[in-house]
Every structure is written in structure tokens, then in C-alpha cells.
>>> print(open('my_file_26.txt').read())   # compact mmCIF, C-alpha atoms and all ligand atoms
# COMPACT_ATOMS: atom_id res chain seq x y z
CA MET A 1 118.59 -34.97 -23.24
CA LYS A 2 117.15 -35.84 -26.61
CA LYS A 3 113.70 -37.34 -26.51
CA VAL A 4 113.04 -40.91 -27.57
CA THR A 5 112.16 -41.03 -31.21
CA PRO A 6 108.91 -41.56 -32.91
CA LYS A 7 108.75 -44.95 -34.59
CA THR A 8 110.08 -43.98 -37.98
CA ASP A 9 113.33 -42.49 -36.68
CA ARG A 10 116.23 -44.56 -35.48
CA PHE A 11 119.11 -43.42 -33.38
CA THR A 12 122.29 -45.00 -32.14
CA TRP A 13 125.11 -44.10 -29.83
CA ASP A 14 128.34 -43.12 -31.49
CA ALA A 15 131.50 -42.16 -29.61
CA ASP A 16 130.39 -39.05 -27.77
CA SER A 17 127.09 -38.09 -29.25
CA VAL A 18 123.77 -39.55 -30.31
CA VAL A 19 123.67 -40.12 -34.02
CA TRP A 20 120.28 -39.99 -35.66
CA ASP A 21 120.25 -42.60 -38.35
CA LYS A 22 117.60 -41.61 -40.86
CA THR A 23 118.20 -44.57 -43.15
CA PRO A 24 114.75 -44.98 -44.64
CA GLU A 25 113.07 -48.11 -43.41
CA PRO A 26 110.33 -49.80 -45.39
CA ALA A 27 107.00 -48.27 -44.48
CA PRO A 28 105.17 -50.46 -42.00
CA GLY A 29 103.66 -53.41 -43.85
CA SER A 30 105.01 -52.24 -47.18
CA GLN A 31 106.38 -55.71 -47.86
CA PHE A 32 102.77 -56.67 -48.36
CA ALA A 33 101.78 -53.68 -50.46
CA GLY A 34 100.19 -54.92 -53.65
CA SER A 35 100.21 -58.48 -52.35
CA GLU A 36 97.48 -60.42 -54.06
CA CYS A 37 97.38 -62.97 -51.29
CA SER A 38 95.45 -62.13 -48.15
CA PHE A 39 94.34 -64.27 -45.28
CA ARG A 40 91.48 -65.01 -42.92
CA VAL A 41 92.86 -64.16 -39.48
CA ALA A 42 91.31 -64.79 -36.05
CA VAL A 43 92.48 -63.14 -32.82
CA ALA A 44 91.58 -65.09 -29.66
CA GLY A 45 91.60 -63.17 -26.39
CA ALA A 46 90.74 -60.08 -28.38
CA THR A 47 89.39 -58.08 -25.43
CA GLY A 48 92.56 -58.41 -23.33
CA ALA A 49 95.50 -55.98 -23.27
CA VAL A 50 97.60 -58.17 -25.59
CA GLY A 51 94.69 -59.12 -27.85
CA ARG A 52 93.89 -55.46 -28.47
CA GLU A 53 97.55 -54.76 -29.15
CA ILE A 54 97.64 -57.65 -31.66
CA LEU A 55 94.68 -56.17 -33.56
CA LYS A 56 96.33 -52.74 -33.50
CA THR A 57 99.66 -54.15 -34.70
CA LEU A 58 98.09 -56.18 -37.53
CA ALA A 59 96.32 -53.05 -38.78
CA GLU A 60 99.35 -50.75 -38.36
CA ARG A 61 101.64 -53.11 -40.25
CA ASN A 62 99.09 -53.64 -42.96
CA PHE A 63 99.11 -57.43 -42.57
CA PRO A 64 97.37 -58.91 -45.61
CA ILE A 65 93.95 -59.74 -44.21
CA SER A 66 90.82 -60.58 -46.19
CA GLU A 67 88.69 -61.22 -43.10
CA VAL A 68 89.33 -60.77 -39.38
CA ALA A 69 87.50 -62.33 -36.42
CA ALA A 70 87.82 -61.12 -32.83
CA LEU A 71 87.24 -63.99 -30.38
CA ALA A 72 86.88 -64.11 -26.60
CA SER A 73 84.96 -65.88 -23.85
CA GLY A 74 81.20 -66.16 -23.96
CA ARG A 75 81.10 -63.37 -21.34
CA SER A 76 82.72 -60.91 -23.77
CA ALA A 77 80.88 -62.11 -26.88
CA GLY A 78 78.90 -59.26 -28.41
CA SER A 79 81.22 -56.55 -27.10
CA GLN A 80 83.25 -54.47 -29.54
CA VAL A 81 86.96 -53.97 -30.18
CA SER A 82 88.83 -51.66 -32.56
CA PHE A 83 90.70 -52.87 -35.59
CA GLY A 84 92.84 -50.07 -36.96
CA ASP A 85 91.63 -46.50 -36.97
CA ASP A 86 88.29 -47.00 -38.58
CA ARG A 87 86.96 -50.50 -38.00
CA VAL A 88 85.08 -51.96 -35.08
CA LEU A 89 84.71 -55.72 -34.66
CA THR A 90 81.98 -57.47 -32.73
CA VAL A 91 83.52 -60.12 -30.52
CA LYS A 92 82.51 -63.73 -31.16
CA ASN A 93 82.43 -66.62 -28.70
CA LEU A 94 85.69 -68.62 -28.95
CA ASP A 95 83.99 -71.74 -27.54
CA LYS A 96 81.66 -71.88 -30.52
CA PHE A 97 84.02 -70.67 -33.24
CA ASP A 98 84.77 -73.07 -36.10
CA PHE A 99 88.35 -72.55 -37.35
CA THR A 100 87.75 -74.51 -40.55
CA GLY A 101 88.73 -72.33 -43.51
CA TRP A 102 90.67 -69.82 -41.35
CA ASP A 103 94.35 -69.45 -42.23
CA LEU A 104 95.87 -67.97 -39.08
CA ALA A 105 94.91 -67.48 -35.43
CA LEU A 106 96.80 -65.33 -32.93
CA PHE A 107 95.97 -66.54 -29.42
CA SER A 108 96.29 -64.65 -26.16
CA PRO A 109 93.42 -65.86 -24.00
CA GLY A 110 95.29 -67.45 -21.04
CA ALA A 111 97.05 -70.81 -20.94
CA ALA A 112 94.06 -72.93 -19.86
CA VAL A 113 91.94 -71.60 -22.73
CA SER A 114 94.74 -72.01 -25.27
CA ALA A 115 95.19 -75.61 -24.08
CA ILE A 116 91.68 -76.38 -25.32
CA HIS A 117 91.28 -74.18 -28.37
CA ALA A 118 94.74 -73.85 -29.97
CA PRO A 119 94.98 -77.60 -30.79
CA ARG A 120 91.38 -77.46 -32.02
CA ALA A 121 92.29 -74.63 -34.40
CA GLY A 122 95.50 -76.38 -35.47
CA ALA A 123 93.64 -79.60 -36.20
CA ALA A 124 91.24 -77.61 -38.40
CA GLY A 125 94.23 -76.53 -40.52
CA CYS A 126 94.53 -73.03 -39.05
CA VAL A 127 98.10 -72.06 -38.06
CA VAL A 128 98.19 -70.84 -34.45
CA ILE A 129 100.64 -68.36 -32.93
CA ASP A 130 100.07 -68.73 -29.21
CA ASN A 131 101.14 -66.05 -26.76
CA THR A 132 100.43 -68.06 -23.61
CA SER A 133 102.80 -70.32 -21.67
CA GLN A 134 100.83 -73.44 -22.64
CA PHE A 135 102.99 -74.81 -25.47
CA ARG A 136 106.31 -72.99 -25.05
CA MET A 137 108.27 -75.96 -23.77
CA ASP A 138 106.49 -78.57 -25.91
CA PRO A 139 109.28 -80.18 -27.99
CA GLU A 140 106.92 -80.32 -30.97
CA VAL A 141 106.19 -76.59 -30.85
CA PRO A 142 108.77 -74.02 -31.97
CA LEU A 143 109.37 -71.13 -29.58
CA VAL A 144 110.33 -68.18 -31.72
CA VAL A 145 111.77 -64.68 -31.64
CA PRO A 146 112.21 -63.77 -35.31
CA GLU A 147 115.44 -61.80 -34.76
CA VAL A 148 116.95 -64.76 -32.89
CA ASN A 149 115.80 -68.17 -34.17
CA PRO A 150 113.61 -67.73 -37.26
CA GLN A 151 114.87 -71.07 -38.58
CA ALA A 152 112.80 -72.81 -35.86
CA ILE A 153 109.51 -71.59 -37.36
CA ALA A 154 109.55 -74.32 -40.02
CA GLN A 155 108.90 -76.95 -37.32
CA PHE A 156 105.38 -75.65 -36.72
CA THR A 157 103.80 -78.20 -39.05
CA ARG A 158 103.88 -80.94 -36.43
CA ARG A 159 101.11 -79.36 -34.36
CA ASN A 160 100.29 -76.28 -36.45
CA ILE A 161 101.23 -74.21 -33.40
CA ILE A 162 104.05 -71.72 -32.88
CA ALA A 163 104.67 -70.38 -29.37
CA ASN A 164 105.46 -66.75 -28.58
CA PRO A 165 107.91 -66.54 -25.66
CA ASN A 166 107.33 -64.70 -22.40
CA CYS A 167 107.82 -60.93 -22.63
CA SER A 168 110.78 -60.81 -20.24
CA THR A 169 112.57 -63.51 -22.25
CA ILE A 170 111.93 -61.90 -25.64
CA GLN A 171 113.62 -58.58 -24.93
CA MET A 172 116.59 -60.26 -23.25
CA VAL A 173 117.31 -62.75 -26.04
CA VAL A 174 117.03 -60.04 -28.72
CA ALA A 175 119.88 -58.25 -26.94
CA LEU A 176 121.85 -61.41 -26.12
CA LYS A 177 121.79 -62.91 -29.62
CA PRO A 178 124.41 -60.66 -31.31
CA LEU A 179 126.64 -60.97 -28.24
CA HIS A 180 126.34 -64.77 -28.16
CA ASP A 181 127.14 -65.02 -31.86
CA LYS A 182 130.41 -63.14 -31.38
CA PHE A 183 131.61 -63.89 -27.87
CA ARG A 184 129.74 -67.09 -26.77
CA ILE A 185 127.74 -66.61 -23.59
CA LYS A 186 128.42 -68.92 -20.61
CA ARG A 187 126.19 -67.43 -17.94
CA VAL A 188 123.54 -64.74 -17.52
CA VAL A 189 122.42 -63.13 -14.24
CA VAL A 190 119.34 -60.98 -14.76
CA ALA A 191 117.08 -58.90 -12.53
CA THR A 192 113.83 -57.70 -14.09
CA TYR A 193 111.66 -54.67 -13.33
CA GLN A 194 108.33 -55.67 -14.90
CA SER A 195 105.38 -53.39 -15.48
CA VAL A 196 101.88 -54.18 -14.26
CA SER A 197 100.51 -54.56 -17.80
CA GLY A 198 102.29 -57.94 -17.81
CA ALA A 199 99.38 -58.97 -15.57
CA GLY A 200 96.85 -57.60 -18.07
CA LYS A 201 94.26 -54.86 -17.78
CA GLU A 202 93.43 -55.99 -14.24
CA GLY A 203 97.01 -55.33 -13.21
CA MET A 204 96.92 -51.83 -14.65
CA ASP A 205 93.57 -51.14 -12.95
CA GLU A 206 94.97 -52.28 -9.60
CA LEU A 207 98.01 -49.99 -9.85
CA LEU A 208 95.78 -47.02 -10.66
CA ALA A 209 93.24 -47.78 -7.93
CA ASN A 210 95.85 -48.46 -5.25
CA THR A 211 97.83 -45.34 -6.15
CA LYS A 212 94.70 -43.19 -5.83
CA VAL A 213 93.77 -44.51 -2.40
CA HIS A 214 97.26 -43.80 -1.06
CA TYR A 215 96.54 -40.08 -1.57
CA VAL A 216 93.60 -40.28 0.81
CA HIS A 217 95.70 -42.25 3.29
CA ASP A 218 93.81 -45.44 2.62
CA LYS A 219 94.74 -48.84 1.17
CA ASN A 220 93.06 -51.37 -1.12
CA PRO A 221 93.59 -55.04 -0.35
CA PRO A 222 95.68 -56.45 -3.23
CA GLN A 223 93.81 -58.76 -5.59
CA VAL A 224 95.92 -59.19 -8.73
CA PHE A 225 99.29 -58.82 -7.02
CA GLN A 226 100.49 -60.45 -3.81
CA LYS A 227 101.11 -57.13 -1.99
CA ASP A 228 100.23 -53.49 -2.53
CA ILE A 229 101.85 -52.52 -5.85
CA ALA A 230 101.47 -48.75 -5.36
CA PHE A 231 104.76 -47.13 -4.30
CA ASN A 232 106.24 -50.59 -3.86
CA VAL A 233 108.12 -53.37 -5.66
CA ILE A 234 107.20 -57.06 -5.40
CA PRO A 235 109.76 -59.86 -5.91
CA GLN A 236 107.20 -62.34 -7.14
CA ILE A 237 105.74 -62.85 -10.62
CA ASP A 238 103.70 -66.02 -11.11
CA VAL A 239 103.68 -68.92 -8.64
CA PHE A 240 106.56 -70.39 -6.63
CA MET A 241 108.36 -73.51 -7.84
CA GLU A 242 109.83 -76.20 -5.58
CA ASP A 243 113.38 -74.81 -5.74
CA GLY A 244 112.32 -71.35 -4.51
CA ALA A 245 112.34 -69.70 -7.92
CA THR A 246 109.11 -68.28 -9.29
CA LYS A 247 107.62 -69.60 -12.51
CA GLU A 248 108.45 -66.32 -14.27
CA GLU A 249 112.11 -66.82 -13.30
CA TRP A 250 112.02 -70.44 -14.48
CA LYS A 251 110.54 -69.31 -17.80
CA MET A 252 113.48 -66.96 -18.38
CA VAL A 253 115.88 -69.86 -17.87
CA VAL A 254 114.25 -72.57 -19.97
CA GLU A 255 112.98 -70.28 -22.72
CA THR A 256 116.39 -68.65 -23.20
CA GLN A 257 117.92 -72.10 -23.47
CA LYS A 258 115.31 -73.31 -25.97
CA ILE A 259 115.54 -70.18 -28.15
CA LEU A 260 119.21 -69.28 -27.96
CA ASP A 261 121.38 -72.12 -26.65
CA PRO A 262 120.77 -74.95 -24.16
CA GLY A 263 124.33 -74.48 -22.87
CA ILE A 264 123.74 -71.01 -21.42
CA ALA A 265 123.32 -70.91 -17.62
CA VAL A 266 120.69 -68.36 -16.50
CA ILE A 267 119.59 -67.13 -13.07
CA ALA A 268 116.78 -64.59 -12.88
CA THR A 269 115.09 -62.51 -10.20
CA CYS A 270 111.79 -61.17 -11.51
CA VAL A 271 110.25 -58.15 -9.83
CA ARG A 272 106.95 -56.35 -10.39
CA VAL A 273 107.24 -52.57 -10.27
CA PRO A 274 104.62 -49.78 -10.29
CA VAL A 275 105.04 -48.93 -13.96
CA PHE A 276 102.12 -49.29 -16.38
CA ILE A 277 103.90 -50.38 -19.58
CA GLY A 278 107.50 -51.35 -20.35
CA HIS A 279 109.73 -53.97 -18.78
CA ALA A 280 113.32 -53.19 -17.76
CA GLU A 281 116.14 -55.64 -17.11
CA ALA A 282 119.59 -55.39 -15.55
CA VAL A 283 121.59 -58.08 -17.35
CA HIS A 284 125.02 -59.41 -16.35
CA VAL A 285 126.70 -61.70 -18.86
CA GLU A 286 129.80 -63.87 -18.64
CA PHE A 287 131.39 -64.85 -21.98
CA GLU A 288 133.78 -67.56 -23.10
CA ARG A 289 135.78 -65.10 -25.18
CA PRO A 290 137.22 -61.71 -24.28
CA VAL A 291 134.85 -58.84 -25.05
CA SER A 292 135.40 -55.10 -24.85
CA VAL A 293 132.64 -52.57 -24.29
CA GLY A 294 133.32 -51.12 -27.76
CA GLU A 295 133.01 -54.52 -29.45
CA ALA A 296 129.79 -55.30 -27.58
CA ARG A 297 128.35 -51.91 -28.49
CA ALA A 298 129.23 -52.41 -32.16
CA ALA A 299 127.63 -55.87 -32.22
CA LEU A 300 124.47 -54.53 -30.57
CA ARG A 301 124.28 -51.52 -32.88
CA HIS A 302 124.15 -53.77 -35.91
CA ALA A 303 121.65 -56.23 -34.45
CA PRO A 304 118.08 -56.35 -35.78
CA GLY A 305 115.49 -55.08 -33.32
CA VAL A 306 118.05 -53.38 -31.04
CA ILE A 307 118.65 -49.68 -30.55
CA VAL A 308 121.65 -48.70 -28.46
CA TYR A 309 121.23 -45.48 -26.47
CA ASP A 310 124.10 -45.16 -24.06
CA GLN A 311 125.45 -41.71 -23.33
CA ARG A 312 127.16 -42.12 -19.96
CA GLU A 313 125.74 -38.89 -18.63
CA ASP A 314 122.69 -37.80 -16.66
CA GLY A 315 119.64 -39.27 -18.37
CA GLY A 316 121.70 -40.91 -21.12
CA TYR A 317 119.72 -44.16 -21.05
CA ILE A 318 116.19 -45.30 -21.90
CA THR A 319 113.52 -45.94 -19.26
CA PRO A 320 110.31 -47.98 -19.55
CA ALA A 321 108.10 -44.87 -19.79
CA GLU A 322 110.04 -43.82 -22.91
CA CYS A 323 109.70 -47.11 -24.77
CA GLN A 324 105.89 -47.32 -24.70
CA GLY A 325 104.48 -47.87 -28.18
CA GLU A 326 107.95 -48.46 -29.62
CA ASP A 327 109.06 -51.61 -31.41
CA ALA A 328 112.71 -51.85 -30.42
CA VAL A 329 114.63 -53.34 -27.53
CA TYR A 330 116.67 -50.42 -26.17
CA VAL A 331 120.08 -51.16 -24.66
CA SER A 332 121.81 -48.70 -22.35
CA ARG A 333 124.39 -48.64 -19.53
CA ILE A 334 126.78 -51.00 -21.33
CA ARG A 335 129.85 -51.53 -19.16
CA ARG A 336 132.45 -54.05 -18.16
CA ASP A 337 131.71 -56.48 -15.32
CA ALA A 338 135.14 -56.93 -13.80
CA THR A 339 133.95 -59.52 -11.25
CA VAL A 340 134.28 -62.33 -13.82
CA PRO A 341 136.96 -62.97 -16.51
CA HIS A 342 134.95 -61.87 -19.56
CA GLY A 343 132.00 -59.99 -18.14
CA LEU A 344 129.61 -57.34 -19.39
CA ALA A 345 126.65 -55.58 -17.79
CA PHE A 346 123.85 -53.70 -19.51
CA TRP A 347 120.32 -52.37 -19.07
CA CYS A 348 117.55 -53.08 -21.55
CA VAL A 349 113.96 -51.92 -21.85
CA SER A 350 111.13 -52.72 -24.23
CA ASP A 351 107.37 -52.35 -24.51
CA ASN A 352 106.15 -55.65 -23.05
CA LEU A 353 102.79 -55.52 -24.82
CA ARG A 354 104.43 -54.82 -28.14
CA LYS A 355 107.81 -56.54 -28.75
CA GLY A 356 107.15 -58.61 -25.62
CA ALA A 357 103.88 -59.97 -27.05
CA ALA A 358 101.84 -58.60 -29.98
CA LEU A 359 104.62 -57.41 -32.27
CA ASN A 360 106.65 -60.59 -31.86
CA ALA A 361 103.56 -62.66 -32.76
CA VAL A 362 102.80 -60.51 -35.80
CA GLN A 363 106.45 -60.68 -36.91
CA ILE A 364 106.18 -64.49 -36.83
CA ALA A 365 103.05 -64.24 -38.97
CA GLU A 366 104.87 -61.93 -41.39
CA TYR A 367 107.70 -64.45 -41.62
CA LEU A 368 105.22 -67.21 -42.49
CA VAL A 369 103.79 -65.08 -45.29
CA ALA A 370 107.17 -63.90 -46.58
CA HIS A 371 108.43 -67.49 -46.74
CA ASP A 372 105.27 -68.86 -48.30
CA MET A 373 104.54 -71.01 -45.25
CA LEU A 374 101.02 -69.68 -44.83
CA ARG A 375 98.80 -70.77 -47.64
CA LYS A 376 95.26 -69.68 -48.18
CA LYS A 377 92.96 -72.61 -47.58
CA THR A 378 91.55 -72.25 -51.07
CA GLU A 379 95.08 -72.53 -52.54
CA LYS A 380 95.81 -75.66 -50.52
CA ALA A 381 92.74 -77.33 -51.83
CA ALA A 382 93.62 -76.41 -55.43
C1 LIG A 401 104.24 -60.68 -16.66
N1 LIG A 401 105.68 -61.95 -18.07
O1 LIG A 401 104.91 -59.64 -16.84
C2 LIG A 401 104.36 -61.81 -17.62
C3 LIG A 401 103.37 -61.64 -18.73
N2 LIG A 401 103.52 -62.63 -19.73
O2 LIG A 401 103.47 -60.84 -15.76
>>> encode(input="my_file_26.txt", output="C-alpha cells", more="lines below")
Ligand code: 2RA
Amino acid sequence: MKKVTPKTDRFTWDADSVVWDKTPEPAPGSQFAGSECSFRVAVAGATGAVGREILKTLAERNFPISEVAALASGRSAGSQVSFGDDRVLTVKNLDKFDFTGWDLALFSPGAAVSAIHAPRAGAAGCVVIDNTSQFRMDPEVPLVVPEVNPQAIAQFTRRNIIANPNCSTIQMVVALKPLHDKFRIKRVVVATYQSVSGAGKEGMDELLANTKVHYVHDKNPPQVFQKDIAFNVIPQIDVFMEDGATKEEWKMVVETQKILDPGIAVIATCVRVPVFIGHAEAVHVEFERPVSVGEARAALRHAPGVIVYDQREDGGYITPAECQGEDAVYVSRIRRDATVPHGLAFWCVSDNLRKGAALNAVQIAEYLVAHDMLRKKTEKAA
């Protein structure tokens, strides 16, 4: 089997072989090369798994930054985080940070903290892209996946906040969008296989610690997860709702409807699995119109952010371990679902810290810059 590509290569499935598509892509961040405009950018929650990935992604994609601030709780203030290959930032206390004069803030500190500080930043004129669940269903806040509903971004001016969807929703709607455009989706049944990094660094630490103790025939009491995550799978992510669904499952329903189409029926079962990075999803879709596997594959192959890898042979699909550090949503195992009139099933995986969080947020920021929606404070005043 061919190995998953490094970032600059793209490959797609074609008839009976993998076709490597070397169409040159713009170098990361090259759209900003030579840009005279650069921005003061703050990252809140900078010491967390997503916050660190946001700093890494901003640097990798050469986002036009004149000054960057890493923010976290008072407990983490004074610690250091990396920004790119050669810069180290000293973390400042979010509670005491004045957002006046800052152009953009990328938030990932937890919903309760965002609830306090994101509106404070927005009121100071700083545009916030918030990666927590706090504002996602607020009708005044756009919930955005740039490949799916970029037109919604313009609504951010009401609160100066744009919400980044949940990781499990993002990768699914990127894959569903080209199919919905062509064949109109009626219903989606999805089962997720979500990595422990969705629960942050603590989740990753617990998987490592619990795996180690199994080898000495011992067990650690679970702290982050509800049961032992080592050599196990857990059908609970987030808290239970009244109807028996978990909040993670509810998020997949309401966020898909807000981003893609309120008319789509969704039922999700979200499961935590002992994988460090990369979420997988088994997606079953019922369409209004007839759809063949070939037509679906063609639509997916041309969709932004999607790479189809579907060889119908041993190992001819992408797994979470292979998508780590990659930007795309990988779609495999595309096949007909004959249990409904116009049905299709597929498997998709993506790096939950990257496209599921940091990259999506940075792509929104790039859209703001590219469409002249993010103005330097000094320019606004002029
Ligand atoms: C998780 N979806 O995987 C969550 C993170 N936002 O736990």
C-alpha cells in the first residue's frame, strides 16, 4: 500500500489505481507573501493542545502577524510556548489582558472562560474566532467551515465573534457538502470513533498512563474519561442530555443543521477510542435524488478540503494514525447503502486538532483577511 502523502502532495482514487496529483498548490501562506498589512493576533488557551496547534498553524501558514500574544489562565502565566520553529512566547494572563488595539483573537480556553472573555474582546473591537461550544448555537454568531458556508462569516459583526464548530462536525460536513449540493441529503446516520486528544492533553496523558499500567497487570482509576480508555471503547463523549443522547451527539445534529441545511435529519453515536490523534466516522447518508458510487466519488474528488482514497483492497483506506498532521478530510470505503432508496455509506478521517480545530479557525482568519473584513485598528481609526 502506498503511504499517506506529505502535506504538499495530493492523491486521489481513479478507477483502479491511486493517482498522484502533483498540481502545484500555493505554498502555505503564499497568499500573504508581500502583504503590507499585518495584524496583532492573540491566542487564548495557548497552553492547551488546540492552542498550541493554532500557534503552529499560524506560523506554518505565514499568517500576516505584526505581534502575537499567547494567553492562558493565571496559573499558566509566565510559562512558555513555541511560535513557529524559532520563537518562544511567554504566556500572559488572559484575565488581565486588554484587547484594545488587537485585531484578532483565536480562543480555545474552554467554554466557561470564552463566555467571559470572548465578548470582552469583541466589545474592545477585536474579532474573535472561538473554538469552544459557548457561542456555536447563538443566532447572532456565525458557525463556519470555510469549505462549506463561507458566506456566513460576514454576519460576525453583530457580536464580533465567529464560532468554530466541533471537530466531529467539521470533518463530516466537509465531506457532506459536495454530496448535498448534487444529490440533496435527507438523513444522516453517523457513528464516530474519536481520539483522546479531543479531550485535550489530559485525555492523551490518561490513555498513555492507563495503557502502561495494563502491562504490569494494574489499572488506573479513570479521571478524564468515564471508564478505562486503554484497550477499550467508550460510548460517551460529553454529558448526557434528557433524551438519552450525549451532548457531543446533539452537537453533531444541530451544528450540521446550522452549517449545512436545517432540513437534514441527523442521528449520531459518538464513541471515544484509544487513539491519540485523528477522528474517524462511519457515515450513512440517504439522498432525495438517485446517486451512484461513481457520481459520489467524482463529487468528492472535486470538493475543496477532501481527498478520496478508496482502493477496495486490503489497506486501501485511510486510518486516523495516517492523517495526523494532515490538513485534509480523507474519504474512503465509499459504497452503496441498499437499505434505503438512495443511500450511500462512507468512512472519513481527519486530524481533529488540525482541520477539526486549529486549521479551521486559521482558515476563517485567512478568509477575513482575503476579503478585507479584518482591518488593522490603526486603519479603522484613519
Ligand atoms: C471531543 N469533540 O472529541 C470533542 C472535542 N471538541 O472530545
>>> closest_atom_pairs(input="my_file_26.txt", of="chain A", to="ligand LIG 401 (chain A)", cutoff="9 Å", atoms="all atoms listed in the file", output="CSV")
residue,atom,partner,partner_atom,distance
A:Asn131,CA,A:LIG401,N2,8.2
A:Thr132,CA,A:LIG401,N2,7.4
A:Ser133,CA,A:LIG401,N2,8.0
A:Pro165,CA,A:LIG401,N2,8.4
A:Asn166,CA,A:LIG401,N2,5.1
A:Cys167,CA,A:LIG401,N1,5.1
A:Ser168,CA,A:LIG401,N1,5.7
A:Thr169,CA,A:LIG401,N1,8.2
A:Gln194,CA,A:LIG401,O1,5.6
A:Ser195,CA,A:LIG401,O1,6.4
A:Val196,CA,A:LIG401,O1,6.8
A:Ser197,CA,A:LIG401,O1,6.8
A:Gly198,CA,A:LIG401,O1,3.3
A:Ala199,CA,A:LIG401,O2,4.5
A:Gly200,CA,A:LIG401,C3,7.7
A:Gly203,CA,A:LIG401,O2,8.9
A:Ile237,CA,A:LIG401,O2,6.0
A:Asp238,CA,A:LIG401,O2,7.0
A:Glu248,CA,A:LIG401,N1,6.4
A:Lys251,CA,A:LIG401,N1,8.8
A:Cys270,CA,A:LIG401,O1,8.8
A:Val271,CA,A:LIG401,O1,8.9
A:Arg272,CA,A:LIG401,O1,7.5
A:His279,CA,A:LIG401,O1,7.7
A:Asn352,CA,A:LIG401,O1,7.5
A:Leu353,CA,A:LIG401,C3,8.7
A:Gly356,CA,A:LIG401,N2,8.0
A:Ala357,CA,A:LIG401,N2,7.8
>>> closest_residue(input="my_file_26.txt", among="A:Pro109, A:Pro222, A:Gly305, A:Pro320", to="Val145 (chain A)", atoms="all atoms listed in the file")
A:Gly305
>>> closest_residue(input="my_file_26.txt", among="A:Ala152, A:Ile116, A:Leu359, A:Ala59", to="Gly325 (chain A)", atoms="all atoms listed in the file")
A:Leu359
>>> residues_around(input="my_file_26.txt", residues="Ser350 (chain A)", least_positions_apart="5", cutoff="10 Å", atoms="all atoms listed in the file", output="count of residues only")
27
>>> closest_residue(input="my_file_26.txt", among="A:Ala46, A:Leu55, A:Ile234, A:Val190", to="Trp347 (chain A)", atoms="all atoms listed in the file")
A:Val190
>>> atom_distance(input="my_file_26.txt", atom1="CA of Ser332 (chain A)", atom2="CA of Ala296 (chain A)")
11.6 Å
